[in-house]
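Structure first, then comments.
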Amino acid sequence: MEAKGKCMRSESLYDSNIARPEKIFVSNEGSAMISCPHCGKTKQVAVGKYCGKKHTIKVRCSCNTSFIAYLEFRRNYRKPTDLSGTYRIISDGAGGGTVSIKNISRGGIGFSVSGMHNIEIGQKALVDFVLDNRKSSRVSKEVIVRSVTNNHIGCQFVSHQPFEKDLGFYLQP
């Protein structure tokens, strides 16, 4: 397999000869295991040189299949979810309500709120939700708000808390 650093233009992503983008997670060492969606051949490729530059590369497998790989340089895998929960501001203000949790990682959580809110970057909150696993595990985490884009809120878990085992198993890809 050969990875080319040339970033593809968006119309190339819809070329009938190229499969839809594959999300590839990059290790801390700057390598990624890339698997061909056609034949299943897997190869470890050094992609650290693209960190901070390109996140989409064109890959050609020895079976002659070309595909787009989206390089995910996040420190933690982010799992998409659709869970209901609640939040309560615990510093620099008051407020709370229901949330729809859109994604979770070992480092944080992304959720949306409905209607008006007064959530601001830097505030601390307590987020409570139930995982959709076999145990229906309840998770309650203290977070710091890191981003607010309309009704989408991005938060980082406060680091002094122990990480729940159930949440760790839930987050495995």
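Each chain in the structure tokens gets a letter, A, B, ..., in the order shown, and its residues are numbered from 1; ligands are numbered from 1 in order too.
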
Residues within 10 Å of Gly115 (chain A), only C-alpha atoms, excluding chain neighbours under 5 positions, as a VMD selection string = chain A and resid 97 150 to 151

Based on the selection just made, write all heavy atoms of those residues as a compact mmCIF listing (two decimals), in the first residue's frame.
# COMPACT_ATOMS: atom_id res chain seq x y z
N GLY A 97 -30.00 21.26 32.88
CA GLY A 97 -31.07 20.80 32.02
C GLY A 97 -30.74 19.45 31.42
O GLY A 97 -29.83 18.76 31.87
N ASN A 150 -23.14 27.27 19.28
CA ASN A 150 -24.60 27.26 19.33
C ASN A 150 -25.05 26.35 20.47
O ASN A 150 -24.74 26.63 21.61
CB ASN A 150 -25.21 26.87 17.98
CG ASN A 150 -24.82 27.84 16.89
OD1 ASN A 150 -24.75 29.04 17.12
ND2 ASN A 150 -24.57 27.32 15.70
N ASN A 151 -25.72 25.27 20.16
CA ASN A 151 -26.20 24.35 21.20
C ASN A 151 -25.31 23.13 21.38
O ASN A 151 -25.67 22.22 22.11
CB ASN A 151 -27.64 23.91 20.91
CG ASN A 151 -28.62 25.02 21.22
OD1 ASN A 151 -28.25 26.08 21.69
ND2 ASN A 151 -29.89 24.77 20.97

Quick one: residues within 9 Å of Ser140 (chain A), only C-alpha atoms counted, chain neighbours fewer than 2 positions away excluded, as a list in words?
->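 Non-adjacent residues within range: Leu126, Val127, Asp128, Phe129, Val130, Arg138 and Glu142 of chain A.
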
Determine, counting only C-alpha atoms, which protein, DNA and RNA residues have an atom within 12 Å of an atom of Asp166 (chain A); residues of the same chain fewer than 2 positions away are not included. Present the result as a list of chain:residue names.
->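 The contact residues come out as A:Arg106, A:Val130, A:Leu131, A:Asp132, A:Asn133, A:Arg134, A:Lys135, A:Ser136, A:Ser137, A:Arg138, A:Val139, A:Ser140, A:Pro162, A:Phe163, A:Glu164, A:Gly168, A:Phe169, A:Tyr170, A:Leu171, A:Gln172.
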
Name all residues at most 7 Å from Val148 (chain A) (count only C-alpha atoms; drop same-chain ones fewer than 5 positions away) and give them as an MDAnalysis selection string.
-> chainID A and resid 120:121 153:154

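Between CA of Arg78 (chain A) and CA of His55 (chain A) the interatomic distance comes to 16.0 Å.
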
Residues flagged strand (DSSP E or B) by DSSP in chain A, as a ChimeraX atom specification = /A:2-4,18-26,31-35,42-46,56-60,66-72,79-89,96-104,108-113,124-130,138-149,152-157

Identify which of the residues A:Asn103, A:Ser147, A:Gln44, A:Thr86 lies closest to Gly30 (chain A), counting only C-alpha atoms when measuring atom-to-atom distances.
-> A:Gln44

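Coordinates place CA of Tyr50 (chain A) at a distance of 22.0 Å from CA of Thr65 (chain A).
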
Using only C-alpha atoms: which of A:Tyr77, A:Phe157, A:Ile68, A:Gly96 has the shortest distance to Ser27 (chain A) |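 Of the candidates, the smallest distance to Ser27 (chain A) is held by A:Tyr77.
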
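When only C-alpha atoms are used to measure the gap to Gly122 (chain A), the shortest distance among A:Thr149, A:Ile144, A:Ala46, A:Gly110 belongs to A:Ile144.
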
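Going from CA of Lys124 (chain A) to CA of Ile101 (chain A) covers 16.8 Å.
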
DSSP-assigned alpha helix (DSSP H) members of chain A, reported as a ChimeraX atom specification | /A:165-170

Go ahead and save the picked residues with C-alpha atoms, as a short mmCIF file (atom, residue, chain, number, x, y, z; two decimals), in the first residue's frame.
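For reference, selection00.cif as written:
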data_model
loop_
_atom_site.label_atom_id
_atom_site.label_comp_id
_atom_site.auth_asym_id
_atom_site.auth_seq_id
_atom_site.Cartn_x
_atom_site.Cartn_y
_atom_site.Cartn_z
CA LYS A 165 -14.17 0.67 34.17
CA ASP A 166 -17.60 0.42 32.49
CA LEU A 167 -16.92 3.58 30.50
CA GLY A 168 -13.51 2.23 29.46
CA PHE A 169 -15.07 -0.97 28.08
CA TYR A 170 -17.83 1.05 26.40
#

Tell me, as a PyMOL selection string, which residues lie within 9 Å of Ile24 (chain A), counting only C-alpha atoms; anything in the same chain fewer than 5 positions away does not count.
-> chain A and resi 32-35+69-73

Keeping only N, CA and C atoms, take the residues you just selected and write them out as a PDB file, in the first residue's frame.
ATOM      1  N   ALA A  32      -0.016   4.230  11.553  1.00  0.00           N
ATOM      2  CA  ALA A  32      -1.426   3.859  11.435  1.00  0.00           C
ATOM      3  C   ALA A  32      -1.531   2.510  10.742  1.00  0.00           C
ATOM      4  N   MET A  33      -2.480   1.707  11.200  1.00  0.00           N
ATOM      5  CA  MET A  33      -2.784   0.444  10.535  1.00  0.00           C
ATOM      6  C   MET A  33      -3.857   0.742   9.498  1.00  0.00           C
ATOM      7  N   ILE A  34      -3.502   0.617   8.242  1.00  0.00           N
ATOM      8  CA  ILE A  34      -4.430   0.923   7.158  1.00  0.00           C
ATOM      9  C   ILE A  34      -4.864  -0.387   6.519  1.00  0.00           C
ATOM     10  N   SER A  35      -6.171  -0.584   6.414  1.00  0.00           N
ATOM     11  CA  SER A  35      -6.740  -1.788   5.814  1.00  0.00           C
ATOM     12  C   SER A  35      -7.478  -1.434   4.544  1.00  0.00           C
ATOM     13  N   ALA A  69      -8.170   7.796   2.991  1.00  0.00           N
ATOM     14  CA  ALA A  69      -8.034   7.521   4.423  1.00  0.00           C
ATOM     15  C   ALA A  69      -8.049   8.852   5.163  1.00  0.00           C
ATOM     16  N   TYR A  70      -8.941   8.952   6.132  1.00  0.00           N
ATOM     17  CA  TYR A  70      -8.984  10.137   6.988  1.00  0.00           C
ATOM     18  C   TYR A  70      -8.171   9.807   8.229  1.00  0.00           C
ATOM     19  N   LEU A  71      -7.073  10.527   8.449  1.00  0.00           N
ATOM     20  CA  LEU A  71      -6.194  10.271   9.584  1.00  0.00           C
ATOM     21  C   LEU A  71      -6.709  10.991  10.817  1.00  0.00           C
ATOM     22  N   GLU A  72      -6.994  10.237  11.856  1.00  0.00           N
ATOM     23  CA  GLU A  72      -7.518  10.776  13.112  1.00  0.00           C
ATOM     24  C   GLU A  72      -6.363  10.847  14.102  1.00  0.00           C
ATOM     25  N   PHE A  73      -5.892  12.077  14.376  1.00  0.00           N
ATOM     26  CA  PHE A  73      -4.752  12.284  15.257  1.00  0.00           C
ATOM     27  C   PHE A  73      -5.146  12.542  16.707  1.00  0.00           C
TER      28      PHE A  73
END
